[in-house]
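Coordinates as given in protein-v6.cif (mmCIF, C-alpha atoms):
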```
data_upload
#
loop_
_atom_site.label_atom_id
_atom_site.label_comp_id
_atom_site.auth_asym_id
_atom_site.auth_seq_id
_atom_site.Cartn_x
_atom_site.Cartn_y
_atom_site.Cartn_z
CA MET A 26 106.09 114.96 88.72
CA ARG A 27 106.02 114.58 84.94
CA LEU A 28 104.53 111.34 83.81
CA ILE A 29 104.43 109.84 80.34
CA GLY A 30 101.86 107.87 78.36
CA GLU A 31 98.58 107.39 80.11
CA ILE A 32 99.61 109.58 83.01
CA SER A 33 99.50 113.35 82.70
CA TYR A 34 101.98 116.09 83.45
CA VAL A 35 102.25 117.48 86.97
CA ARG A 36 104.05 120.76 87.57
CA ASN A 37 107.31 120.63 89.49
CA GLU A 38 108.69 123.17 91.95
CA GLU A 39 110.61 124.99 89.22
CA ASP A 40 107.36 125.63 87.34
CA LYS A 41 105.76 127.06 90.47
CA GLU A 42 108.68 129.42 91.06
CA ASN A 43 108.28 130.84 87.55
CA GLU A 44 104.57 131.57 87.93
CA GLY A 45 103.77 135.18 87.15
CA VAL A 46 107.12 135.86 85.48
CA PRO A 47 106.74 137.40 82.02
CA PRO A 48 107.68 134.83 79.38
CA MET A 49 110.13 137.17 77.63
CA SER A 50 112.19 137.53 80.82
CA LEU A 51 113.01 133.82 80.83
CA SER A 52 115.31 133.64 77.84
CA PRO A 53 116.37 130.06 77.12
CA PRO A 54 120.01 129.20 77.81
CA PRO A 55 122.26 128.91 74.79
CA GLN A 56 122.69 125.30 73.73
CA GLN A 57 125.90 123.98 75.19
CA THR A 58 127.46 120.59 74.77
CA LEU A 59 126.60 118.16 77.55
CA VAL A 60 129.24 115.44 77.82
CA VAL A 61 127.92 112.16 79.19
CA GLY A 62 130.56 109.58 80.00
CA TYR A 63 129.22 106.04 80.14
CA ALA A 64 130.47 102.80 81.65
CA LEU A 65 128.14 99.99 80.62
CA THR A 66 128.42 96.36 79.67
CA SER A 67 128.68 95.61 75.95
CA LYS A 68 125.17 94.14 76.06
CA LYS A 69 123.81 97.32 77.63
CA VAL A 70 125.60 99.52 75.11
CA LYS A 71 124.09 97.56 72.23
CA SER A 72 120.54 97.76 73.56
CA PHE A 73 120.61 101.32 74.88
CA PHE A 74 122.36 103.27 72.12
CA GLN A 75 119.80 102.96 69.36
CA PRO A 76 120.10 105.23 66.27
CA LYS A 77 117.06 107.32 67.21
CA LEU A 78 118.40 108.05 70.68
CA GLU A 79 121.77 109.08 69.28
CA ALA A 80 120.13 111.35 66.69
CA LEU A 81 117.98 113.05 69.34
CA ALA A 82 121.07 113.49 71.52
CA ARG A 83 122.95 115.26 68.72
CA LYS A 84 120.06 117.69 68.23
CA LYS A 85 120.14 118.53 71.94
CA GLY A 86 123.92 118.97 72.05
CA ILE A 87 124.45 115.80 74.09
CA VAL A 88 127.63 113.84 73.43
CA PHE A 89 128.12 110.30 74.74
CA VAL A 90 131.72 109.28 75.47
CA ALA A 91 132.73 105.74 76.40
CA ILE A 92 134.79 105.52 79.58
CA ASP A 93 137.97 103.49 79.08
CA GLN A 94 138.03 101.06 81.98
CA SER A 95 141.69 100.26 81.33
CA GLN A 96 142.62 103.89 82.15
CA LEU A 97 142.26 105.91 85.33
CA LEU A 98 138.84 107.56 85.44
CA LEU A 99 140.37 110.65 87.04
CA ASP A 100 142.48 111.13 83.90
CA GLN A 101 139.46 111.06 81.59
CA GLY A 102 136.86 113.65 80.71
CA PRO A 103 135.89 116.29 81.46
CA PHE A 104 132.36 114.98 81.95
CA ASP A 105 129.14 116.68 82.96
CA ILE A 106 127.38 113.41 83.74
CA ILE A 107 128.51 109.82 84.25
CA LEU A 108 126.04 107.11 83.32
CA HIS A 109 126.97 103.66 84.57
CA LYS A 110 125.88 100.16 85.35
CA LEU A 111 128.85 98.05 86.30
CA THR A 112 129.10 95.85 89.36
CA GLY A 113 131.98 95.08 91.69
CA LYS A 114 133.66 96.73 94.67
CA GLU A 115 136.58 97.93 92.56
CA TRP A 116 134.35 99.95 90.22
CA GLN A 117 132.37 101.29 93.17
CA GLN A 118 135.57 102.57 94.76
CA VAL A 119 136.70 104.14 91.47
CA LEU A 120 133.43 106.05 91.22
CA GLU A 121 133.47 107.16 94.84
CA ASP A 122 137.02 108.50 94.44
CA TYR A 123 135.96 110.33 91.28
CA MET A 124 132.90 111.85 92.98
CA GLU A 125 135.08 113.11 95.81
CA ASN A 126 137.46 114.80 93.37
CA HIS A 127 134.73 116.03 90.99
CA PRO A 128 131.65 117.02 93.02
CA GLU A 129 130.46 119.11 90.04
CA VAL A 130 129.87 115.96 87.96
CA THR A 131 126.49 114.23 88.28
CA VAL A 132 126.85 110.47 88.68
CA LEU A 133 123.79 108.46 87.68
CA ASP A 134 123.42 107.04 90.16
CA PRO A 135 125.57 107.10 93.35
CA PRO A 136 127.12 103.62 93.76
CA ALA A 137 126.31 103.38 97.48
CA ALA A 138 122.61 103.92 96.73
CA ILE A 139 122.61 101.33 93.95
CA GLN A 140 124.08 98.63 96.17
CA ARG A 141 120.82 98.32 98.11
CA LEU A 142 119.06 97.11 94.97
CA TYR A 143 121.67 94.44 94.32
CA ASN A 144 120.55 92.52 97.40
CA ARG A 145 116.95 91.33 97.65
CA GLN A 146 117.12 91.38 101.43
CA SER A 147 117.40 95.19 101.39
CA MET A 148 115.79 95.90 98.00
CA LEU A 149 112.19 96.25 99.20
CA GLN A 150 112.86 97.61 102.69
CA ASP A 151 112.02 101.21 101.79
CA VAL A 152 108.69 100.14 100.29
CA ALA A 153 107.86 98.21 103.46
CA ASP A 154 108.89 101.15 105.66
CA LEU A 155 106.83 103.53 103.54
CA ASN A 156 103.67 101.46 104.06
CA LEU A 157 101.90 103.64 101.51
CA SER A 158 98.15 103.85 101.88
CA ASN A 159 95.78 106.55 100.70
CA CYS A 160 92.35 106.90 99.13
CA TYR A 161 93.71 105.55 95.83
CA GLY A 162 95.04 102.29 97.20
CA LYS A 163 97.62 100.56 99.35
CA VAL A 164 101.14 99.47 98.39
CA GLY A 165 103.01 96.83 100.34
CA THR A 166 105.53 94.05 99.87
CA PRO A 167 105.08 90.28 100.08
CA ARG A 168 106.30 88.65 103.28
CA GLN A 169 109.70 87.16 102.69
CA LEU A 170 112.42 85.06 104.27
CA VAL A 171 116.15 85.06 103.51
CA ILE A 172 117.87 81.68 103.25
CA THR A 173 121.67 81.95 103.34
CA LYS A 174 122.74 78.35 104.07
CA ASP A 175 121.70 74.85 105.13
CA SER A 176 118.88 73.91 102.76
CA SER A 177 117.76 71.12 105.09
CA SER A 178 116.52 73.68 107.64
CA ILE A 179 114.22 75.45 105.17
CA PRO A 180 110.96 73.66 106.12
CA ASP A 181 111.40 74.61 109.79
CA ALA A 182 112.40 78.16 108.91
CA VAL A 183 109.32 78.59 106.68
CA SER A 184 107.09 77.20 109.40
CA ARG A 185 108.55 79.51 112.07
CA ALA A 186 108.15 82.53 109.78
CA GLY A 187 104.53 81.60 109.12
CA LEU A 188 104.86 81.96 105.35
CA ALA A 189 101.98 80.64 103.26
CA LEU A 190 102.44 78.41 100.21
CA PRO A 191 103.14 78.64 97.36
CA LEU A 192 106.48 80.41 97.66
CA VAL A 193 108.61 82.16 95.06
CA ALA A 194 112.37 81.64 95.37
CA LYS A 195 114.66 84.34 93.95
CA PRO A 196 118.45 84.58 94.03
CA LEU A 197 119.57 86.81 96.89
CA VAL A 198 122.13 88.74 94.84
CA VAL A 199 121.16 90.67 91.71
CA ASP A 200 124.27 90.96 89.56
CA GLY A 201 122.76 91.61 86.13
CA SER A 202 123.14 88.03 84.97
CA ALA A 203 120.23 86.04 83.57
CA LYS A 204 120.58 83.63 86.49
CA SER A 205 119.94 86.38 89.04
CA HIS A 206 116.50 86.94 87.46
CA GLU A 207 115.43 83.29 87.43
CA LEU A 208 112.47 82.33 89.58
CA SER A 209 111.33 79.10 91.17
CA LEU A 210 107.79 78.41 92.38
CA ALA A 211 107.53 75.94 95.25
CA TYR A 212 104.26 74.18 96.06
CA ASP A 213 105.66 72.59 99.21
CA GLU A 214 108.43 73.73 101.56
CA PHE A 215 110.25 70.38 101.51
CA SER A 216 111.07 70.72 97.82
CA LEU A 217 112.91 73.96 98.54
CA SER A 218 115.81 71.94 99.91
CA LYS A 219 116.66 71.15 96.26
CA LEU A 220 117.60 74.80 95.67
CA ASP A 221 121.04 76.23 96.34
CA PRO A 222 121.25 79.11 98.85
CA PRO A 223 121.50 82.01 99.14
CA PHE A 224 118.02 83.04 98.02
CA VAL A 225 114.91 84.89 99.14
CA LEU A 226 111.52 83.27 99.61
CA GLN A 227 108.50 85.47 98.91
CA GLU A 228 104.88 84.56 99.43
CA PHE A 229 103.28 84.18 96.02
CA ILE A 230 100.31 86.50 95.50
CA ASN A 231 97.76 85.77 92.80
CA HIS A 232 97.59 88.82 90.57
CA GLY A 233 94.85 88.48 88.02
CA SER A 234 95.87 86.11 85.23
CA GLY A 235 99.51 86.81 85.98
CA VAL A 236 99.69 90.45 84.87
CA LEU A 237 102.46 92.66 86.22
CA PHE A 238 102.92 96.42 85.89
CA LYS A 239 106.43 97.61 85.09
CA VAL A 240 106.82 101.18 86.26
CA TYR A 241 109.84 102.79 84.58
CA ILE A 242 111.25 105.89 86.26
CA VAL A 243 113.59 108.33 84.50
CA GLY A 244 114.11 111.32 86.76
CA GLU A 245 110.61 112.74 87.20
CA ALA A 246 109.09 110.88 84.27
CA ILE A 247 107.14 107.66 84.64
CA LYS A 248 106.02 105.15 82.03
CA VAL A 249 103.90 102.11 82.87
CA VAL A 250 103.68 98.98 80.74
CA ARG A 251 101.95 95.65 81.29
CA ARG A 252 103.82 92.37 81.28
CA PHE A 253 102.72 88.78 81.74
CA SER A 254 104.10 87.20 84.89
CA LEU A 255 103.66 83.86 86.66
CA PRO A 256 100.08 82.58 86.33
CA ASP A 257 97.72 82.47 89.29
CA VAL A 258 97.68 79.33 91.45
CA SER A 259 94.27 77.95 92.39
CA LYS A 260 93.55 76.24 95.73
CA ARG A 261 92.93 72.97 93.90
CA GLU A 262 96.29 73.26 92.13
CA LEU A 263 98.05 74.02 95.41
CA LEU A 264 96.54 70.97 97.10
CA SER A 265 97.29 68.60 94.23
CA SER A 266 100.78 69.81 93.27
CA THR A 267 104.21 69.27 94.79
CA GLY A 268 107.75 70.14 93.82
CA VAL A 269 109.62 73.20 92.63
CA PHE A 270 109.13 74.59 89.14
CA GLN A 271 111.82 76.82 87.67
CA PHE A 272 111.11 79.68 85.30
CA PRO A 273 113.49 81.66 83.14
CA ARG A 274 113.32 85.43 83.30
CA VAL A 275 109.67 86.49 83.31
CA SER A 276 108.03 89.85 82.54
CA CYS A 277 110.51 90.58 79.75
CA ALA A 278 109.54 92.64 76.68
CA ALA A 279 108.57 89.47 74.81
CA ALA A 280 105.92 88.91 77.50
CA SER A 281 104.16 92.23 76.82
CA ALA A 282 100.51 92.27 77.82
CA ASP A 283 99.73 95.77 76.54
CA ASP A 284 97.93 94.49 73.45
CA ALA A 285 96.38 91.41 75.06
CA ASP A 286 92.62 91.02 75.35
CA LEU A 287 92.40 91.31 79.13
CA ASP A 288 89.53 91.81 81.51
CA PRO A 289 89.34 95.59 82.14
CA SER A 290 89.61 95.05 85.90
CA ILE A 291 92.93 93.26 85.33
CA ALA A 292 94.32 95.54 82.63
CA GLU A 293 93.51 98.77 84.50
CA LEU A 294 96.72 100.59 85.41
CA PRO A 295 97.40 101.49 89.04
CA PRO A 296 95.93 104.91 89.92
CA ARG A 297 98.04 107.84 88.79
CA PRO A 298 98.19 109.64 92.18
CA LEU A 299 99.29 106.42 93.88
CA LEU A 300 102.17 105.94 91.41
CA GLU A 301 103.15 109.60 91.74
CA LYS A 302 103.41 109.28 95.50
CA LEU A 303 105.27 105.96 95.36
CA ALA A 304 107.77 107.13 92.75
CA ARG A 305 108.43 110.42 94.55
CA GLU A 306 109.01 108.70 97.89
CA LEU A 307 111.27 106.01 96.44
CA ARG A 308 113.34 108.54 94.52
CA ARG A 309 113.92 110.36 97.80
CA ARG A 310 114.47 107.31 100.00
CA LEU A 311 116.62 105.36 97.55
CA GLY A 312 118.52 108.38 96.25
CA LEU A 313 118.10 107.09 92.68
CA ARG A 314 116.78 108.59 89.45
CA LEU A 315 117.02 105.61 87.09
CA PHE A 316 115.09 102.52 88.14
CA ASN A 317 111.92 100.55 87.64
CA ILE A 318 109.41 98.97 89.97
CA ASP A 319 107.58 95.70 89.38
CA ILE A 320 104.07 95.99 90.83
CA ILE A 321 101.21 93.50 90.97
CA ARG A 322 97.55 93.99 91.88
CA GLU A 323 96.25 91.37 94.28
CA HIS A 324 93.61 89.26 92.53
CA GLY A 325 90.11 90.13 93.63
CA THR A 326 90.99 93.67 94.66
CA ARG A 327 91.09 96.95 92.80
CA ASP A 328 93.38 98.90 95.10
CA GLY A 329 95.67 96.34 96.75
CA PHE A 330 99.17 96.47 95.25
CA TYR A 331 102.51 94.83 96.00
CA VAL A 332 106.00 95.79 94.90
CA ILE A 333 107.90 92.57 94.19
CA ASP A 334 111.12 93.86 92.60
CA ILE A 335 113.09 97.07 92.00
CA ASN A 336 115.80 97.26 89.33
CA TYR A 337 118.45 99.89 88.78
CA PHE A 338 118.94 101.21 85.21
CA PRO A 339 116.60 98.60 83.66
CA GLY A 340 116.29 97.79 79.97
CA TYR A 341 114.94 101.19 78.96
CA SER A 342 115.08 100.31 75.27
CA LYS A 343 112.11 97.99 75.95
CA MET A 344 110.09 100.97 77.14
CA PRO A 345 107.98 102.66 74.43
CA GLY A 346 109.34 106.12 73.65
CA TYR A 347 112.41 105.63 75.81
CA ASP A 348 114.64 107.67 73.49
CA HIS A 349 112.60 110.88 73.82
CA ILE A 350 112.08 110.36 77.56
CA PHE A 351 115.75 109.74 78.30
CA ILE A 352 117.08 112.58 76.14
CA ASP A 353 114.54 114.99 77.65
CA PHE A 354 115.79 113.91 81.09
CA LEU A 355 119.42 114.59 80.18
CA ALA A 356 118.47 117.90 78.55
CA SER A 357 116.67 118.97 81.73
CA MET A 358 119.82 118.20 83.70
CA ALA A 359 121.81 120.36 81.26
CA ARG A 360 119.42 123.26 81.85
CA SER A 361 119.69 122.78 85.61
CA LYS A 362 123.49 122.80 85.45
CA TYR A 363 123.43 125.94 83.32
CA LYS A 364 121.21 127.76 85.83
CA LYS A 365 123.47 126.75 88.72
CA ARG A 366 126.54 128.04 86.90
CA LEU A 367 124.69 131.25 86.08
CA SER A 368 123.61 131.85 89.67
CA SER A 369 127.06 131.07 91.08
CA SER A 370 128.69 133.55 88.71
CA ASN A 371 126.39 136.40 89.77
#
```

Since I need it in another form, could you write the structure as structure tokens?
Amino acid sequence: MRLIGEISYVRNEEDKENEGVPPMSLSPPPQQTLVVGYALTSKKVKSFFQPKLEALARKKGIVFVAIDQSQLLLDQGPFDIILHKLTGKEWQQVLEDYMENHPEVTVLDPPAAIQRLYNRQSMLQDVADLNLSNCYGKVGTPRQLVITKDSSSIPDAVSRAGLALPLVAKPLVVDGSAKSHELSLAYDEFSLSKLDPPFVLQEFINHGSGVLFKVYIVGEAIKVVRRFSLPDVSKRELLSSTGVFQFPRVSCAAASADDADLDPSIAELPPRPLLEKLARELRRRLGLRLFNIDIIREHGTRDGFYVIDINYFPGYSKMPGYDHIFIDFLASMARSKYKKRLSSSN
């Protein structure tokens, strides 16, 4: 896997296949235009298509074309790649029909695979099933409980599930809205009845002055940044506090902790080999190439990590160097397509 920033390059299978081949025999493919159709919200278009990214794309022969949602997708193109982040069953069906008719077009990413990340009940299941543990650390998920209706039954449900306070409440459905990223922190289970289902309750885990690691994944590239999250909750605070406290979206770019004066044990990034393994497994299990993982380190440990959220096609423009990383990813896909066409014609 190729990793960016503080994590070094790791050779992929293609590199291994080319070992021992004289450099002159591997002539680079002629630059061909790669047409990337995109279907994004206006907000996403504004944040993603920055001037530097567009300039780099032109140099690499990559052309971005907006998909007209008022016209049949099958009548548009031709495209080499479709980049999208729209929600709704209608759009999902449109994409699936297109994929069936145009298997040669790469869709980033398949709509059926994305759907699992739009529901927090299924979002973390692959991480839990993976139960990753090696000499570099252990990655798990917080215990959680899904509440779909009847707020009055929450205290009993929490008690039966054996969840420990405090609890974080998150909306069950992730639809890209600001509301779907709002959090509530409950110091007692009775106050949870004030919230409107459906939502997911997660055990809150103290994570060293509230520092979270955002792990951005773009194909085989990884970039890790630090963000401030919810602050730790002391035992004294838990015993003396009641109620539910709501928070707007946390761990956004404005909450960057990369330049903060943090204790080294808190600021230390998760071990590189652990992230490599986690990213590789999730890419395979989820069937996705564009996503990010929110990871926390349990306070008082060095190698105990929890994944608390996974997001499809996150705000890459908030990631340092995103333009180079993303264009390199698309360019690598262009090379791969060229080699496939070359081999099929021989």

*If you apply the PyMOL selection byres ((chain A and resi 197) around 8) to this file, what residues do you get, as a ChimeraX atom specification?*
/A:144-146,171,195-196,198-199,205,223-225

**Request:** Go through the shown structure with the PyMOL selection byres ((chain A and resi 322-328) around 10) and write out the matching residues as an NGL selection string.
**Result:** :A and (158-164 or 230-238 or 257 or 290-296 or 299 or 320-321 or 329-332)

**Study point:** Residues near A:Pro167, cut-off 7 Å, all atoms listed in the file, skip fewer than 5 positions along chain, as a ChimeraX atom specification
**Key:** /A:227-228,331,333

Could you take the residues named above and write them with C-alpha atoms, as a short mmCIF file (atom, residue, chain, number, x, y, z; two decimals), in the coordinates of the input?
```cif
data_model
loop_
_atom_site.label_atom_id
_atom_site.label_comp_id
_atom_site.auth_asym_id
_atom_site.auth_seq_id
_atom_site.Cartn_x
_atom_site.Cartn_y
_atom_site.Cartn_z
CA GLN A 227 108.50 85.47 98.91
CA GLU A 228 104.88 84.56 99.43
CA TYR A 331 102.51 94.83 96.00
CA ILE A 333 107.90 92.57 94.19
#
```

Taken to one decimal, the atom CA of A:Ala186-atom CA of A:Leu155 distance is 21.9 Å

Each residue of stretch 208-290 of chain A lying at most 6 Å from stretch 308-319 of chain A should get a row with its shortest atom-to-atom pair and the distance in Å to one decimal, counting all atoms listed in the file; could you produce that, ordered by chain and increasing number, as JSON lines?
```
{"residue": "A:Phe238", "atom": "CA", "partner": "A:Asp319", "partner_atom": "CA", "distance": 5.9}
{"residue": "A:Lys239", "atom": "CA", "partner": "A:Asp319", "partner_atom": "CA", "distance": 4.8}
{"residue": "A:Val240", "atom": "CA", "partner": "A:Ile318", "partner_atom": "CA", "distance": 5.0}
{"residue": "A:Tyr241", "atom": "CA", "partner": "A:Asn317", "partner_atom": "CA", "distance": 4.3}
{"residue": "A:Ile242", "atom": "CA", "partner": "A:Phe316", "partner_atom": "CA", "distance": 5.4}
{"residue": "A:Val243", "atom": "CA", "partner": "A:Leu315", "partner_atom": "CA", "distance": 5.1}
{"residue": "A:Gly244", "atom": "CA", "partner": "A:Arg314", "partner_atom": "CA", "distance": 4.7}
```

Enumerate, as a PyMOL selection string, the protein, DNA and RNA residues whose atoms approach (134.7, 108.5, 88.6) to within 12 Å, taking into account all atoms listed in the file and the coordinate frame of the file.
-> chain A and resi 62-64+92-94+96-109+115-136

In Å and to one decimal, atom CA of A:Asp213 is distant from atom CA of A:Tyr143 by 27.5 Å

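Take the candidates A:Met148, A:Leu217, A:Ser72, A:Gly113 and check each one against A:Met344 using all atoms listed in the file; the shortest distance goes to A:Ser72.
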
Students should find that atom CA of A:Leu192 and atom CA of A:Val152 are spaced 20.0 Å

Report the residues retrieved by the PyMOL selection byres ((chain A and resi 89) around 9) from the displayed file, expressed as a PyMOL selection string.
chain A and resi 59-63+79+82+87-88+90-91

Those residues you just picked out, can you put them in a file as an mmCIF file, in the coordinates of the input with C-alpha atoms?
```cif
data_model
loop_
_atom_site.group_PDB
_atom_site.id
_atom_site.type_symbol
_atom_site.label_atom_id
_atom_site.label_comp_id
_atom_site.auth_asym_id
_atom_site.auth_seq_id
_atom_site.Cartn_x
_atom_site.Cartn_y
_atom_site.Cartn_z
ATOM 1 C CA LEU A 59 126.600 118.160 77.550
ATOM 2 C CA VAL A 60 129.240 115.440 77.820
ATOM 3 C CA VAL A 61 127.920 112.160 79.190
ATOM 4 C CA GLY A 62 130.560 109.580 80.000
ATOM 5 C CA TYR A 63 129.220 106.040 80.140
ATOM 6 C CA GLU A 79 121.770 109.080 69.280
ATOM 7 C CA ALA A 82 121.070 113.490 71.520
ATOM 8 C CA ILE A 87 124.450 115.800 74.090
ATOM 9 C CA VAL A 88 127.630 113.840 73.430
ATOM 10 C CA VAL A 90 131.720 109.280 75.470
ATOM 11 C CA ALA A 91 132.730 105.740 76.400
#
```

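When only C-alpha atoms are used to measure the gap to A:Tyr212, the shortest distance among A:Val269, A:Ala138, A:Ala182, A:Ala246 belongs to A:Val269.
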
Around all listed atoms of stretch 317-331 of chain A, padded 3 Å per side, what centre and edge lengths does the axis-aligned box have in Å to one decimal, as AutoDock Vina command-line options?
```
--center_x 101.0 --center_y 94.9 --center_z 92.2 --size_x 27.8 --size_y 17.3 --size_z 15.1
```

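With all atoms listed in the file as the basis for measurement, A:Tyr341 is the residue among A:Met358, A:Val193, A:Tyr341, A:Ala211 that approaches A:Lys71 most closely.
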
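Distance check against A:Pro191 using only C-alpha atoms: of A:Gly86, A:Pro339, A:Gly268, A:Pro298, the minimum falls on A:Gly268.
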
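Using only C-alpha atoms for every distance, the candidate list A:Gln271, A:Ser216, A:Gln75, A:Ser266 yields A:Gln75 as the residue closest to A:Tyr347.
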
Excluding A:Ser177 and residues on its chain fewer than 2 positions from it, collect all residues at most 9 Å away from it, counting only C-alpha atoms, and give them as an MDAnalysis selection string.
chainID A and resid 174:175 179:181 215 217:219

Take stretch 193-201 of chain A, model all heavy atoms, and hand the result over as a PDB file, in the coordinates of the input.
```
ATOM      1  N   VAL A 193     107.726  81.843  96.182  1.00  0.00           N
ATOM      2  CA  VAL A 193     108.610  82.160  95.060  1.00  0.00           C
ATOM      3  C   VAL A 193     110.033  82.279  95.594  1.00  0.00           C
ATOM      4  O   VAL A 193     110.271  83.001  96.568  1.00  0.00           O
ATOM      5  CB  VAL A 193     108.208  83.483  94.372  1.00  0.00           C
ATOM      6  CG1 VAL A 193     109.172  83.816  93.241  1.00  0.00           C
ATOM      7  CG2 VAL A 193     106.791  83.392  93.843  1.00  0.00           C
ATOM      8  N   ALA A 194     110.965  81.558  94.980  1.00  0.00           N
ATOM      9  CA  ALA A 194     112.370  81.640  95.370  1.00  0.00           C
ATOM     10  C   ALA A 194     113.122  82.470  94.330  1.00  0.00           C
ATOM     11  O   ALA A 194     113.019  82.216  93.125  1.00  0.00           O
ATOM     12  CB  ALA A 194     112.977  80.250  95.470  1.00  0.00           C
ATOM     13  N   LYS A 195     113.865  83.478  94.820  1.00  0.00           N
ATOM     14  CA  LYS A 195     114.660  84.340  93.950  1.00  0.00           C
ATOM     15  C   LYS A 195     116.087  84.395  94.468  1.00  0.00           C
ATOM     16  O   LYS A 195     116.300  84.425  95.687  1.00  0.00           O
ATOM     17  CB  LYS A 195     114.079  85.767  93.929  1.00  0.00           C
ATOM     18  CG  LYS A 195     112.631  85.867  93.506  1.00  0.00           C
ATOM     19  CD  LYS A 195     112.165  87.331  93.565  1.00  0.00           C
ATOM     20  CE  LYS A 195     110.716  87.490  93.123  1.00  0.00           C
ATOM     21  NZ  LYS A 195     110.284  88.908  93.166  1.00  0.00           N
ATOM     22  N   PRO A 196     117.075  84.433  93.571  1.00  0.00           N
ATOM     23  CA  PRO A 196     118.450  84.580  94.030  1.00  0.00           C
ATOM     24  C   PRO A 196     118.608  85.820  94.900  1.00  0.00           C
ATOM     25  O   PRO A 196     118.015  86.870  94.617  1.00  0.00           O
ATOM     26  CB  PRO A 196     119.251  84.715  92.724  1.00  0.00           C
ATOM     27  CG  PRO A 196     118.399  84.023  91.693  1.00  0.00           C
ATOM     28  CD  PRO A 196     116.983  84.310  92.106  1.00  0.00           C
ATOM     29  N   LEU A 197     119.400  85.700  95.966  1.00  0.00           N
ATOM     30  CA  LEU A 197     119.570  86.810  96.890  1.00  0.00           C
ATOM     31  C   LEU A 197     120.285  88.000  96.242  1.00  0.00           C
ATOM     32  O   LEU A 197     119.911  89.155  96.444  1.00  0.00           O
ATOM     33  CB  LEU A 197     120.362  86.345  98.123  1.00  0.00           C
ATOM     34  CG  LEU A 197     120.651  87.396  99.195  1.00  0.00           C
ATOM     35  CD1 LEU A 197     119.360  87.932  99.799  1.00  0.00           C
ATOM     36  CD2 LEU A 197     121.544  86.798 100.294  1.00  0.00           C
ATOM     37  N   VAL A 198     121.316  87.686  95.449  1.00  0.00           N
ATOM     38  CA  VAL A 198     122.130  88.740  94.840  1.00  0.00           C
ATOM     39  C   VAL A 198     121.680  88.987  93.408  1.00  0.00           C
ATOM     40  O   VAL A 198     121.486  88.052  92.629  1.00  0.00           O
ATOM     41  CB  VAL A 198     123.620  88.357  94.859  1.00  0.00           C
ATOM     42  CG1 VAL A 198     124.462  89.408  94.142  1.00  0.00           C
ATOM     43  CG2 VAL A 198     124.101  88.195  96.299  1.00  0.00           C
ATOM     44  N   VAL A 199     121.508  90.266  93.069  1.00  0.00           N
ATOM     45  CA  VAL A 199     121.160  90.670  91.710  1.00  0.00           C
ATOM     46  C   VAL A 199     122.417  91.251  91.073  1.00  0.00           C
ATOM     47  O   VAL A 199     122.849  92.344  91.427  1.00  0.00           O
ATOM     48  CB  VAL A 199     120.033  91.732  91.715  1.00  0.00           C
ATOM     49  CG1 VAL A 199     119.657  92.114  90.290  1.00  0.00           C
ATOM     50  CG2 VAL A 199     118.818  91.213  92.473  1.00  0.00           C
ATOM     51  N   ASP A 200     123.002  90.521  90.151  1.00  0.00           N
ATOM     52  CA  ASP A 200     124.270  90.960  89.560  1.00  0.00           C
ATOM     53  C   ASP A 200     124.177  91.246  88.065  1.00  0.00           C
ATOM     54  O   ASP A 200     125.182  91.422  87.383  1.00  0.00           O
ATOM     55  CB  ASP A 200     125.365  89.917  89.808  1.00  0.00           C
ATOM     56  CG  ASP A 200     125.004  88.544  89.241  1.00  0.00           C
ATOM     57  OD1 ASP A 200     123.996  88.439  88.504  1.00  0.00           O
ATOM     58  OD2 ASP A 200     125.734  87.569  89.538  1.00  0.00           O
ATOM     59  N   GLY A 201     122.948  91.312  87.549  1.00  0.00           N
ATOM     60  CA  GLY A 201     122.760  91.610  86.130  1.00  0.00           C
ATOM     61  C   GLY A 201     122.762  90.400  85.236  1.00  0.00           C
ATOM     62  O   GLY A 201     122.421  90.501  84.056  1.00  0.00           O
TER      63      GLY A 201
END
```
